[in-house]
Amino acid sequence: MRKLLTYKRIYLLLLLPISLLLILLAKNNSYFTEQIFAKHIYKWTSQIISSITGLLPISLAELLVITLPIMILIIVLRFILLLLFDKKNRIERWRKGILNVFCTASIVLFLFTIFAGLNYYRYSFTSYSNLEIAESSVEELYSLSLNLMTQANELRAQVPQTDAFGVFKLSMSNIELSKLADNAYELLAADYPILGGNYGMPKPILLSKLMSQTEITGIFFPFTMEANVNVDVPDYNIPVTMLHELAHLRGFMREDEANFVAYLAGMKSEQVELQYSSTMLALIIAGNSLYDQSPDMYFQLRSQYSEGVVSDIRANTEYWQKYEDTTVSTVAHKLNDTYLKANAQTDGVNSYGRMLDLLLAKYRTEQIQLLKKSN
């Protein structure tokens, strides 16, 4: 132990307790988390890093994921060879090897904490939207779903392009779409300044087909501040996925809130394809909940979906059936669920569906405003 304390990098182990103390502070002091960390420290740090990594046309995160296992394998093999051929210093090499592992873990945890982890404990987005979450009846849920269905049908009729099977097809490149997604946030920032800032655009993943094996459509990589998007999925999913990951980049890490912010950004866009993609996310989440509470009301609603909307949903279902219940998808699902639960989202992967509470709150507020105007 005394020998370990003489190593120059031993101080890096201090990052582990520092990270734990920061998380404890964030959990118990939301003022610090929001007003000091999220709105200032994270806000400016994330923009600087994102602007730098955004200069690369491809995802640095993807390159790291590809090369990291190779680098680790080389390091491990080198370590084993040194142990085999340098018997005199074998104990010393074990000490350094163990120290290196713990130092690396401390650095990774610290970077994750300051680049993402603390944001799980910031104020709810409702503090900026002034929406009140309340209990809702199944009738309110049906009314919301009907409203979203009407919007989806209208927007679907306006989309400029479909494929040979009548399924939604993006009329632009992924790069052009990324620019539109970023522009949507610029427009939304007029209503919600907290979402403003200069960030890198979302990046398409080159190995998107492999990403689909995990049933993941997008991922925010905090170490490079990049919003990464699976572009192999059915096209109508891609715009809202970009918007979702950009919400994470702007510091809103909870999945339900990232979905809701993505919906707001999509509806603020002047591009119909972003509006439709965002509306479809909201409609599917609301429709699934309606089905759970009243199958009869759901099928009554579903019978009114336009042919185009039905074609897109069917194509999406067929796409994901290839990846359901595979070993890779099951492991990825479990890891994602564990990750979310470890970061203040006790519902795990089900936290994605709590966007519904925010949608209902928004719809309720809009109905009240309409009543006031009519009176």
# chains A, B, ... in the order shown; residues from 1 in each chain; ligands from 1
call {"tool": "closest_atom_pairs", "arguments": {"of": "region 37-149 of chain A", "to": "region 287-307 of chain A", "cutoff": "10 Å", "atoms": "only C-alpha atoms", "output": "tab-separated table"}}
result
residue	atom	partner	partner_atom	distance
A:Ser137	CA	A:Gln293	CA	9.8
A:Val138	CA	A:Gln293	CA	7.0
A:Glu139	CA	A:Met297	CA	9.1
A:Glu140	CA	A:Leu290	CA	10.0
A:Leu141	CA	A:Leu290	CA	6.5
A:Tyr142	CA	A:Leu290	CA	6.7
A:Ser143	CA	A:Leu301	CA	9.8
A:Leu144	CA	A:Gly287	CA	9.3
A:Ser145	CA	A:Gly287	CA	6.2
A:Leu146	CA	A:Leu301	CA	6.7
A:Leu148	CA	A:Gly287	CA	9.4
A:Met149	CA	A:Tyr305	CA	6.6
call {"tool": "select_by_dssp", "arguments": {"residues": "region 250-304 of chain A", "states": "alpha helix (DSSP H)", "output": "PyMOL selection string"}}
result
chain A and resi 255-268+272-293+295-302
call {"tool": "write_last_selection", "arguments": {"atoms": "C-alpha atoms", "output": "PDB file, in the first residue's frame"}}
result
ATOM      1  CA  GLU A 255     -36.135  10.142 -21.403  1.00  0.00           C
ATOM      2  CA  ASP A 256     -39.720  11.334 -20.976  1.00  0.00           C
ATOM      3  CA  GLU A 257     -38.608  14.965 -21.054  1.00  0.00           C
ATOM      4  CA  ALA A 258     -36.258  14.421 -24.010  1.00  0.00           C
ATOM      5  CA  ASN A 259     -39.187  12.915 -25.936  1.00  0.00           C
ATOM      6  CA  PHE A 260     -41.415  15.848 -25.051  1.00  0.00           C
ATOM      7  CA  VAL A 261     -38.770  18.450 -25.919  1.00  0.00           C
ATOM      8  CA  ALA A 262     -38.197  16.633 -29.224  1.00  0.00           C
ATOM      9  CA  TYR A 263     -41.941  16.818 -29.923  1.00  0.00           C
ATOM     10  CA  LEU A 264     -41.991  20.563 -29.180  1.00  0.00           C
ATOM     11  CA  ALA A 265     -38.980  21.153 -31.440  1.00  0.00           C
ATOM     12  CA  GLY A 266     -40.473  19.111 -34.270  1.00  0.00           C
ATOM     13  CA  MET A 267     -43.739  21.014 -34.119  1.00  0.00           C
ATOM     14  CA  LYS A 268     -41.829  24.293 -34.108  1.00  0.00           C
ATOM     15  CA  VAL A 272     -43.511  19.024 -42.536  1.00  0.00           C
ATOM     16  CA  GLU A 273     -41.359  15.894 -42.278  1.00  0.00           C
ATOM     17  CA  LEU A 274     -40.103  16.914 -38.829  1.00  0.00           C
ATOM     18  CA  GLN A 275     -43.633  17.833 -37.765  1.00  0.00           C
ATOM     19  CA  TYR A 276     -44.993  14.485 -38.909  1.00  0.00           C
ATOM     20  CA  SER A 277     -42.208  12.467 -37.268  1.00  0.00           C
ATOM     21  CA  SER A 278     -42.730  14.268 -33.948  1.00  0.00           C
ATOM     22  CA  THR A 279     -46.502  13.885 -34.097  1.00  0.00           C
ATOM     23  CA  MET A 280     -46.161  10.165 -34.799  1.00  0.00           C
ATOM     24  CA  LEU A 281     -44.016   9.700 -31.694  1.00  0.00           C
ATOM     25  CA  ALA A 282     -46.664  11.426 -29.583  1.00  0.00           C
ATOM     26  CA  LEU A 283     -49.525   9.547 -31.244  1.00  0.00           C
ATOM     27  CA  ILE A 284     -47.938   6.124 -30.733  1.00  0.00           C
ATOM     28  CA  ILE A 285     -47.191   6.797 -27.074  1.00  0.00           C
ATOM     29  CA  ALA A 286     -50.701   8.126 -26.455  1.00  0.00           C
ATOM     30  CA  GLY A 287     -52.295   5.327 -28.515  1.00  0.00           C
ATOM     31  CA  ASN A 288     -50.405   2.601 -26.652  1.00  0.00           C
ATOM     32  CA  SER A 289     -51.593   3.986 -23.329  1.00  0.00           C
ATOM     33  CA  LEU A 290     -55.167   4.262 -24.630  1.00  0.00           C
ATOM     34  CA  TYR A 291     -55.033   0.610 -25.723  1.00  0.00           C
ATOM     35  CA  ASP A 292     -53.929  -0.415 -22.207  1.00  0.00           C
ATOM     36  CA  GLN A 293     -56.811   1.476 -20.598  1.00  0.00           C
ATOM     37  CA  PRO A 295     -58.991  -1.366 -26.160  1.00  0.00           C
ATOM     38  CA  ASP A 296     -62.439  -0.474 -27.536  1.00  0.00           C
ATOM     39  CA  MET A 297     -61.676   3.245 -27.595  1.00  0.00           C
ATOM     40  CA  TYR A 298     -58.261   2.545 -29.091  1.00  0.00           C
ATOM     41  CA  PHE A 299     -59.632   0.503 -31.994  1.00  0.00           C
ATOM     42  CA  GLN A 300     -62.290   3.140 -32.579  1.00  0.00           C
ATOM     43  CA  LEU A 301     -59.475   5.659 -32.903  1.00  0.00           C
ATOM     44  CA  ARG A 302     -57.249   3.328 -34.938  1.00  0.00           C
TER      45      ARG A 302
END
call {"tool": "atom_distance", "arguments": {"atom1": "CA of Ile205 (chain A)", "atom2": "CA of Leu55 (chain A)"}}
result
15.7 Å
call {"tool": "closest_atom_pairs", "arguments": {"of": "region 124-232 of chain A", "to": "region 237-253 of chain A", "cutoff": "12 Å", "atoms": "only C-alpha atoms", "output": "Markdown table"}}
result
| residue | atom | partner | partner_atom | distance |
| --- | --- | --- | --- | --- |
| A:Ser124 | CA | A:Phe252 | CA | 8.6 |
| A:Phe125 | CA | A:Phe252 | CA | 7.8 |
| A:Thr126 | CA | A:Phe252 | CA | 11.6 |
| A:Tyr128 | CA | A:Phe252 | CA | 11.9 |
| A:Phe168 | CA | A:Asn237 | CA | 9.9 |
| A:Lys169 | CA | A:Ile238 | CA | 10.4 |
| A:Leu170 | CA | A:Ile238 | CA | 8.9 |
| A:Ser171 | CA | A:Pro239 | CA | 11.8 |
| A:Met172 | CA | A:Pro239 | CA | 11.0 |
| A:Ser173 | CA | A:Ile238 | CA | 11.2 |
| A:Asn174 | CA | A:Ile238 | CA | 8.8 |
| A:Ile175 | CA | A:Met242 | CA | 11.2 |
| A:Glu176 | CA | A:Pro239 | CA | 10.8 |
| A:Leu177 | CA | A:Pro239 | CA | 7.0 |
| A:Ser178 | CA | A:Met242 | CA | 7.2 |
| A:Lys179 | CA | A:Met242 | CA | 10.2 |
| A:Leu180 | CA | A:Pro239 | CA | 8.9 |
| A:Ala181 | CA | A:Leu243 | CA | 6.0 |
| A:Asp182 | CA | A:Leu246 | CA | 7.9 |
| A:Asn183 | CA | A:Leu243 | CA | 10.3 |
| A:Ala184 | CA | A:Leu243 | CA | 8.4 |
| A:Tyr185 | CA | A:Leu243 | CA | 8.2 |
| A:Glu186 | CA | A:Leu246 | CA | 11.6 |
| A:Leu188 | CA | A:Leu243 | CA | 11.4 |
| A:Ala189 | CA | A:Arg250 | CA | 11.1 |
| A:Tyr192 | CA | A:Arg250 | CA | 11.8 |
| A:Pro193 | CA | A:Arg250 | CA | 11.1 |
| A:Ile194 | CA | A:Arg250 | CA | 8.3 |
| A:Leu195 | CA | A:Arg250 | CA | 6.2 |
| A:Gly196 | CA | A:Arg250 | CA | 8.0 |
| A:Gly197 | CA | A:Arg250 | CA | 8.2 |
| A:Asn198 | CA | A:Arg250 | CA | 9.8 |
| A:Tyr199 | CA | A:Leu249 | CA | 8.0 |
| A:Gly200 | CA | A:Leu246 | CA | 9.0 |
| A:Met201 | CA | A:Leu246 | CA | 7.9 |
| A:Pro202 | CA | A:Met242 | CA | 5.9 |
| A:Lys203 | CA | A:Met242 | CA | 8.2 |
| A:Pro204 | CA | A:Met242 | CA | 9.0 |
| A:Ile205 | CA | A:Met242 | CA | 11.4 |
| A:Ser208 | CA | A:Ile238 | CA | 11.6 |
| A:Ile216 | CA | A:Thr241 | CA | 10.2 |
| A:Thr217 | CA | A:Thr241 | CA | 6.8 |
| A:Gly218 | CA | A:Thr241 | CA | 6.3 |
| A:Ile219 | CA | A:Glu245 | CA | 6.4 |
| A:Phe220 | CA | A:Glu245 | CA | 5.7 |
| A:Phe221 | CA | A:Leu249 | CA | 8.6 |
| A:Pro222 | CA | A:Leu249 | CA | 7.8 |
| A:Phe223 | CA | A:Leu249 | CA | 11.0 |
| A:Thr224 | CA | A:Leu249 | CA | 10.3 |
| A:Met225 | CA | A:Leu249 | CA | 6.5 |
| A:Glu226 | CA | A:Leu249 | CA | 7.2 |
| A:Ala227 | CA | A:Glu245 | CA | 5.1 |
| A:Asn228 | CA | A:Glu245 | CA | 7.1 |
| A:Val229 | CA | A:Met242 | CA | 6.2 |
| A:Asn230 | CA | A:Ile238 | CA | 7.4 |
| A:Val231 | CA | A:Ile238 | CA | 6.3 |
| A:Asp232 | CA | A:Ile238 | CA | 8.6 |
call {"tool": "write_last_selection", "arguments": {"atoms": "C-alpha atoms", "output": "JSON list (two decimals), in the first residue's frame"}}
result
[["chain", "number", "residue", "atom", "x", "y", "z"],
["A", 124, "SER", "CA", -38.02, 19.14, -14.34],
["A", 125, "PHE", "CA", -38.76, 20.69, -17.72],
["A", 126, "THR", "CA", -42.17, 21.64, -16.30],
["A", 128, "TYR", "CA", -39.74, 26.05, -17.78],
["A", 168, "PHE", "CA", -42.89, 7.59, -45.78],
["A", 169, "LYS", "CA", -39.51, 8.40, -47.32],
["A", 170, "LEU", "CA", -37.34, 11.34, -46.43],
["A", 171, "SER", "CA", -36.93, 13.80, -49.29],
["A", 172, "MET", "CA", -33.52, 15.01, -48.11],
["A", 173, "SER", "CA", -30.12, 13.69, -47.08],
["A", 174, "ASN", "CA", -29.27, 12.97, -43.46],
["A", 175, "ILE", "CA", -26.93, 15.97, -43.43],
["A", 176, "GLU", "CA", -29.71, 18.29, -44.59],
["A", 177, "LEU", "CA", -32.05, 16.75, -42.02],
["A", 178, "SER", "CA", -29.47, 17.33, -39.27],
["A", 179, "LYS", "CA", -29.35, 21.02, -40.17],
["A", 180, "LEU", "CA", -33.15, 21.25, -40.03],
["A", 181, "ALA", "CA", -33.20, 19.52, -36.63],
["A", 182, "ASP", "CA", -30.65, 22.00, -35.30],
["A", 183, "ASN", "CA", -32.67, 24.87, -36.78],
["A", 184, "ALA", "CA", -35.82, 23.57, -35.06],
["A", 185, "TYR", "CA", -34.12, 24.14, -31.71],
["A", 186, "GLU", "CA", -33.14, 27.64, -32.71],
["A", 188, "LEU", "CA", -37.90, 26.62, -30.10],
["A", 189, "ALA", "CA", -35.35, 28.60, -28.08],
["A", 192, "TYR", "CA", -37.65, 28.25, -24.18],
["A", 193, "PRO", "CA", -34.29, 30.08, -23.93],
["A", 194, "ILE", "CA", -32.92, 27.22, -21.79],
["A", 195, "LEU", "CA", -32.77, 25.15, -25.02],
["A", 196, "GLY", "CA", -30.71, 27.71, -26.92],
["A", 197, "GLY", "CA", -27.00, 27.56, -27.66],
["A", 198, "ASN", "CA", -24.45, 26.64, -30.29],
["A", 199, "TYR", "CA", -24.13, 22.86, -30.47],
["A", 200, "GLY", "CA", -22.92, 20.38, -33.06],
["A", 201, "MET", "CA", -25.54, 18.81, -35.31],
["A", 202, "PRO", "CA", -26.74, 15.20, -34.85],
["A", 203, "LYS", "CA", -24.59, 12.62, -36.61],
["A", 204, "PRO", "CA", -25.74, 9.56, -38.57],
["A", 205, "ILE", "CA", -24.11, 6.31, -37.44],
["A", 208, "SER", "CA", -26.59, 1.78, -38.15],
["A", 216, "ILE", "CA", -31.54, 1.40, -30.16],
["A", 217, "THR", "CA", -32.46, 4.29, -32.45],
["A", 218, "GLY", "CA", -30.10, 6.91, -31.05],
["A", 219, "ILE", "CA", -27.59, 7.59, -28.32],
["A", 220, "PHE", "CA", -26.11, 10.69, -26.73],
["A", 221, "PHE", "CA", -22.39, 10.11, -26.05],
["A", 222, "PRO", "CA", -21.45, 12.56, -23.28],
["A", 223, "PHE", "CA", -17.68, 12.05, -23.55],
["A", 224, "THR", "CA", -17.66, 13.64, -27.01],
["A", 225, "MET", "CA", -20.91, 15.61, -26.67],
["A", 226, "GLU", "CA", -22.36, 14.03, -29.82],
["A", 227, "ALA", "CA", -25.96, 13.16, -30.68],
["A", 228, "ASN", "CA", -25.71, 9.87, -32.59],
["A", 229, "VAL", "CA", -28.59, 8.60, -34.71],
["A", 230, "ASN", "CA", -29.44, 5.21, -36.24],
["A", 231, "VAL", "CA", -30.38, 6.01, -39.85],
["A", 232, "ASP", "CA", -31.20, 2.46, -40.93]]
call {"tool": "select_by_dssp", "arguments": {"residues": "region 41-266 of chain A", "states": "strand (DSSP E or B)", "output": "list in words"}}
result
Thr162, Phe168, Lys203, Pro204, Gly218, Ile219, Phe220, Phe221, Glu226, Ala227, Asn228 and Val229 of chain A
call {"tool": "write_last_selection", "arguments": {"atoms": "C-alpha atoms", "output": "PDB file, in the first residue's frame"}}
result
ATOM      1  CA  THR A 162     -43.028   7.959 -50.335  1.00  0.00           C
ATOM      2  CA  PHE A 168     -42.885   7.592 -45.780  1.00  0.00           C
ATOM      3  CA  LYS A 203     -24.585  12.620 -36.615  1.00  0.00           C
ATOM      4  CA  PRO A 204     -25.735   9.555 -38.572  1.00  0.00           C
ATOM      5  CA  GLY A 218     -30.101   6.909 -31.049  1.00  0.00           C
ATOM      6  CA  ILE A 219     -27.589   7.591 -28.319  1.00  0.00           C
ATOM      7  CA  PHE A 220     -26.105  10.691 -26.733  1.00  0.00           C
ATOM      8  CA  PHE A 221     -22.385  10.114 -26.049  1.00  0.00           C
ATOM      9  CA  GLU A 226     -22.365  14.030 -29.822  1.00  0.00           C
ATOM     10  CA  ALA A 227     -25.959  13.160 -30.678  1.00  0.00           C
ATOM     11  CA  ASN A 228     -25.706   9.874 -32.592  1.00  0.00           C
ATOM     12  CA  VAL A 229     -28.586   8.597 -34.712  1.00  0.00           C
TER      13      VAL A 229
END
call {"tool": "closest_residue", "arguments": {"among": "A:Met355, A:Leu12, A:Leu77, A:Val310", "to": "Gly166 (chain A)", "atoms": "only C-alpha atoms"}}
result
A:Val310
call {"tool": "atom_distance", "arguments": {"atom1": "CA of Asn119 (chain A)", "atom2": "CA of Thr53 (chain A)"}}
result
20.7 Å
call {"tool": "closest_atom_pairs", "arguments": {"of": "region 93-147 of chain A", "to": "region 359-363 of chain A", "cutoff": "7 Å", "atoms": "only C-alpha atoms", "output": "tab-separated table"}}
result
residue	atom	partner	partner_atom	distance
A:Leu131	CA	A:Ala361	CA	5.8
A:Glu132	CA	A:Ala361	CA	5.9
A:Ile133	CA	A:Ala361	CA	5.7
A:Leu144	CA	A:Tyr363	CA	6.6
call {"tool": "residues_around", "arguments": {"residues": "Leu111 (chain A)", "least_positions_apart": "6", "cutoff": "12 Å", "atoms": "only C-alpha atoms", "output": "ChimeraX atom specification"}}
result
/A:15-16,18-19,22,42,45-46,104-105,117-118,221-225
call {"tool": "closest_residue", "arguments": {"among": "A:Arg254, A:Arg9, A:Arg122, A:Lys209", "to": "Ala26 (chain A)", "atoms": "only C-alpha atoms"}}
result
A:Arg122
call {"tool": "atom_distance", "arguments": {"atom1": "CA of Cys103 (chain A)", "atom2": "CA of Phe85 (chain A)"}}
result
25.2 Å
call {"tool": "decode", "arguments": {"residues": "region 212-334 of chain A", "atoms": "C-alpha atoms", "output": "PDB file, in the first residue's frame"}}
result
ATOM      1  CA  SER A 212     -30.480  -1.877 -34.863  1.00  0.00           C
ATOM      2  CA  GLN A 213     -29.390  -5.235 -33.465  1.00  0.00           C
ATOM      3  CA  THR A 214     -29.544  -3.582 -30.037  1.00  0.00           C
ATOM      4  CA  GLU A 215     -32.975  -2.050 -30.800  1.00  0.00           C
ATOM      5  CA  ILE A 216     -31.542   1.401 -30.160  1.00  0.00           C
ATOM      6  CA  THR A 217     -32.459   4.294 -32.450  1.00  0.00           C
ATOM      7  CA  GLY A 218     -30.101   6.909 -31.049  1.00  0.00           C
ATOM      8  CA  ILE A 219     -27.589   7.591 -28.319  1.00  0.00           C
ATOM      9  CA  PHE A 220     -26.105  10.691 -26.733  1.00  0.00           C
ATOM     10  CA  PHE A 221     -22.385  10.114 -26.049  1.00  0.00           C
ATOM     11  CA  PRO A 222     -21.445  12.558 -23.283  1.00  0.00           C
ATOM     12  CA  PHE A 223     -17.680  12.055 -23.553  1.00  0.00           C
ATOM     13  CA  THR A 224     -17.661  13.645 -27.011  1.00  0.00           C
ATOM     14  CA  MET A 225     -20.912  15.609 -26.675  1.00  0.00           C
ATOM     15  CA  GLU A 226     -22.365  14.030 -29.822  1.00  0.00           C
ATOM     16  CA  ALA A 227     -25.959  13.160 -30.678  1.00  0.00           C
ATOM     17  CA  ASN A 228     -25.706   9.874 -32.592  1.00  0.00           C
ATOM     18  CA  VAL A 229     -28.586   8.597 -34.712  1.00  0.00           C
ATOM     19  CA  ASN A 230     -29.444   5.215 -36.238  1.00  0.00           C
ATOM     20  CA  VAL A 231     -30.383   6.011 -39.848  1.00  0.00           C
ATOM     21  CA  ASP A 232     -31.201   2.460 -40.934  1.00  0.00           C
ATOM     22  CA  VAL A 233     -34.605   2.564 -39.215  1.00  0.00           C
ATOM     23  CA  PRO A 234     -37.817   3.450 -41.101  1.00  0.00           C
ATOM     24  CA  ASP A 235     -37.476   7.057 -42.228  1.00  0.00           C
ATOM     25  CA  TYR A 236     -40.310   8.561 -40.209  1.00  0.00           C
ATOM     26  CA  ASN A 237     -38.400   7.728 -37.005  1.00  0.00           C
ATOM     27  CA  ILE A 238     -35.200   9.520 -37.952  1.00  0.00           C
ATOM     28  CA  PRO A 239     -36.187  13.211 -37.552  1.00  0.00           C
ATOM     29  CA  VAL A 240     -37.645  12.847 -34.057  1.00  0.00           C
ATOM     30  CA  THR A 241     -34.716  10.658 -32.994  1.00  0.00           C
ATOM     31  CA  MET A 242     -32.352  13.460 -33.978  1.00  0.00           C
ATOM     32  CA  LEU A 243     -34.436  15.911 -31.978  1.00  0.00           C
ATOM     33  CA  HIS A 244     -34.521  13.541 -28.981  1.00  0.00           C
ATOM     34  CA  GLU A 245     -30.729  13.170 -28.859  1.00  0.00           C
ATOM     35  CA  LEU A 246     -30.291  16.932 -29.266  1.00  0.00           C
ATOM     36  CA  ALA A 247     -32.475  17.376 -26.165  1.00  0.00           C
ATOM     37  CA  HIS A 248     -29.989  15.224 -24.236  1.00  0.00           C
ATOM     38  CA  LEU A 249     -27.133  17.311 -25.624  1.00  0.00           C
ATOM     39  CA  ARG A 250     -28.862  20.396 -24.240  1.00  0.00           C
ATOM     40  CA  GLY A 251     -28.850  18.859 -20.780  1.00  0.00           C
ATOM     41  CA  PHE A 252     -32.281  17.237 -20.490  1.00  0.00           C
ATOM     42  CA  MET A 253     -31.343  13.654 -19.751  1.00  0.00           C
ATOM     43  CA  ARG A 254     -34.650  12.166 -18.565  1.00  0.00           C
ATOM     44  CA  GLU A 255     -36.135  10.142 -21.403  1.00  0.00           C
ATOM     45  CA  ASP A 256     -39.720  11.334 -20.976  1.00  0.00           C
ATOM     46  CA  GLU A 257     -38.608  14.965 -21.054  1.00  0.00           C
ATOM     47  CA  ALA A 258     -36.258  14.421 -24.010  1.00  0.00           C
ATOM     48  CA  ASN A 259     -39.187  12.915 -25.936  1.00  0.00           C
ATOM     49  CA  PHE A 260     -41.415  15.848 -25.051  1.00  0.00           C
ATOM     50  CA  VAL A 261     -38.770  18.450 -25.919  1.00  0.00           C
ATOM     51  CA  ALA A 262     -38.197  16.633 -29.224  1.00  0.00           C
ATOM     52  CA  TYR A 263     -41.941  16.818 -29.923  1.00  0.00           C
ATOM     53  CA  LEU A 264     -41.991  20.563 -29.180  1.00  0.00           C
ATOM     54  CA  ALA A 265     -38.980  21.153 -31.440  1.00  0.00           C
ATOM     55  CA  GLY A 266     -40.473  19.111 -34.270  1.00  0.00           C
ATOM     56  CA  MET A 267     -43.739  21.014 -34.119  1.00  0.00           C
ATOM     57  CA  LYS A 268     -41.829  24.293 -34.108  1.00  0.00           C
ATOM     58  CA  SER A 269     -40.037  23.330 -37.320  1.00  0.00           C
ATOM     59  CA  GLU A 270     -41.257  24.727 -40.611  1.00  0.00           C
ATOM     60  CA  GLN A 271     -40.508  21.373 -42.295  1.00  0.00           C
ATOM     61  CA  VAL A 272     -43.511  19.024 -42.536  1.00  0.00           C
ATOM     62  CA  GLU A 273     -41.359  15.894 -42.278  1.00  0.00           C
ATOM     63  CA  LEU A 274     -40.103  16.914 -38.829  1.00  0.00           C
ATOM     64  CA  GLN A 275     -43.633  17.833 -37.765  1.00  0.00           C
ATOM     65  CA  TYR A 276     -44.993  14.485 -38.909  1.00  0.00           C
ATOM     66  CA  SER A 277     -42.208  12.467 -37.268  1.00  0.00           C
ATOM     67  CA  SER A 278     -42.730  14.268 -33.948  1.00  0.00           C
ATOM     68  CA  THR A 279     -46.502  13.885 -34.097  1.00  0.00           C
ATOM     69  CA  MET A 280     -46.161  10.165 -34.799  1.00  0.00           C
ATOM     70  CA  LEU A 281     -44.016   9.700 -31.694  1.00  0.00           C
ATOM     71  CA  ALA A 282     -46.664  11.426 -29.583  1.00  0.00           C
ATOM     72  CA  LEU A 283     -49.525   9.547 -31.244  1.00  0.00           C
ATOM     73  CA  ILE A 284     -47.938   6.124 -30.733  1.00  0.00           C
ATOM     74  CA  ILE A 285     -47.191   6.797 -27.074  1.00  0.00           C
ATOM     75  CA  ALA A 286     -50.701   8.126 -26.455  1.00  0.00           C
ATOM     76  CA  GLY A 287     -52.295   5.327 -28.515  1.00  0.00           C
ATOM     77  CA  ASN A 288     -50.405   2.601 -26.652  1.00  0.00           C
ATOM     78  CA  SER A 289     -51.593   3.986 -23.329  1.00  0.00           C
ATOM     79  CA  LEU A 290     -55.167   4.262 -24.630  1.00  0.00           C
ATOM     80  CA  TYR A 291     -55.033   0.610 -25.723  1.00  0.00           C
ATOM     81  CA  ASP A 292     -53.929  -0.415 -22.207  1.00  0.00           C
ATOM     82  CA  GLN A 293     -56.811   1.476 -20.598  1.00  0.00           C
ATOM     83  CA  SER A 294     -59.585   0.939 -23.150  1.00  0.00           C
ATOM     84  CA  PRO A 295     -58.991  -1.366 -26.160  1.00  0.00           C
ATOM     85  CA  ASP A 296     -62.439  -0.474 -27.536  1.00  0.00           C
ATOM     86  CA  MET A 297     -61.676   3.245 -27.595  1.00  0.00           C
ATOM     87  CA  TYR A 298     -58.261   2.545 -29.091  1.00  0.00           C
ATOM     88  CA  PHE A 299     -59.632   0.503 -31.994  1.00  0.00           C
ATOM     89  CA  GLN A 300     -62.290   3.140 -32.579  1.00  0.00           C
ATOM     90  CA  LEU A 301     -59.475   5.659 -32.903  1.00  0.00           C
ATOM     91  CA  ARG A 302     -57.249   3.328 -34.938  1.00  0.00           C
ATOM     92  CA  SER A 303     -59.970   2.873 -37.564  1.00  0.00           C
ATOM     93  CA  GLN A 304     -59.598   6.571 -38.361  1.00  0.00           C
ATOM     94  CA  TYR A 305     -55.855   6.456 -39.106  1.00  0.00           C
ATOM     95  CA  SER A 306     -55.129   7.404 -42.699  1.00  0.00           C
ATOM     96  CA  GLU A 307     -53.772   4.812 -45.104  1.00  0.00           C
ATOM     97  CA  GLY A 308     -50.390   6.540 -45.105  1.00  0.00           C
ATOM     98  CA  VAL A 309     -50.108   6.532 -41.310  1.00  0.00           C
ATOM     99  CA  VAL A 310     -51.069   2.842 -41.186  1.00  0.00           C
ATOM    100  CA  SER A 311     -48.469   2.015 -43.867  1.00  0.00           C
ATOM    101  CA  ASP A 312     -45.735   3.749 -41.873  1.00  0.00           C
ATOM    102  CA  ILE A 313     -46.667   1.999 -38.620  1.00  0.00           C
ATOM    103  CA  ARG A 314     -46.817  -1.371 -40.373  1.00  0.00           C
ATOM    104  CA  ALA A 315     -43.403  -0.838 -42.000  1.00  0.00           C
ATOM    105  CA  ASN A 316     -41.950   0.121 -38.620  1.00  0.00           C
ATOM    106  CA  THR A 317     -43.380  -3.006 -36.972  1.00  0.00           C
ATOM    107  CA  GLU A 318     -42.033  -5.262 -39.716  1.00  0.00           C
ATOM    108  CA  TYR A 319     -38.589  -3.665 -39.460  1.00  0.00           C
ATOM    109  CA  TRP A 320     -38.212  -4.224 -35.710  1.00  0.00           C
ATOM    110  CA  GLN A 321     -39.614  -7.762 -35.745  1.00  0.00           C
ATOM    111  CA  LYS A 322     -36.274  -8.899 -37.174  1.00  0.00           C
ATOM    112  CA  TYR A 323     -34.477  -7.772 -34.023  1.00  0.00           C
ATOM    113  CA  GLU A 324     -36.950  -8.664 -31.268  1.00  0.00           C
ATOM    114  CA  ASP A 325     -35.914 -11.110 -28.529  1.00  0.00           C
ATOM    115  CA  THR A 326     -32.471 -11.813 -29.955  1.00  0.00           C
ATOM    116  CA  THR A 327     -29.559 -12.305 -27.569  1.00  0.00           C
ATOM    117  CA  VAL A 328     -28.041  -8.958 -28.524  1.00  0.00           C
ATOM    118  CA  SER A 329     -31.297  -7.006 -28.179  1.00  0.00           C
ATOM    119  CA  THR A 330     -32.143  -8.686 -24.858  1.00  0.00           C
ATOM    120  CA  VAL A 331     -28.747  -7.855 -23.360  1.00  0.00           C
ATOM    121  CA  ALA A 332     -28.864  -4.287 -24.723  1.00  0.00           C
ATOM    122  CA  HIS A 333     -32.398  -3.829 -23.343  1.00  0.00           C
ATOM    123  CA  LYS A 334     -31.288  -5.020 -19.909  1.00  0.00           C
TER     124      LYS A 334
END
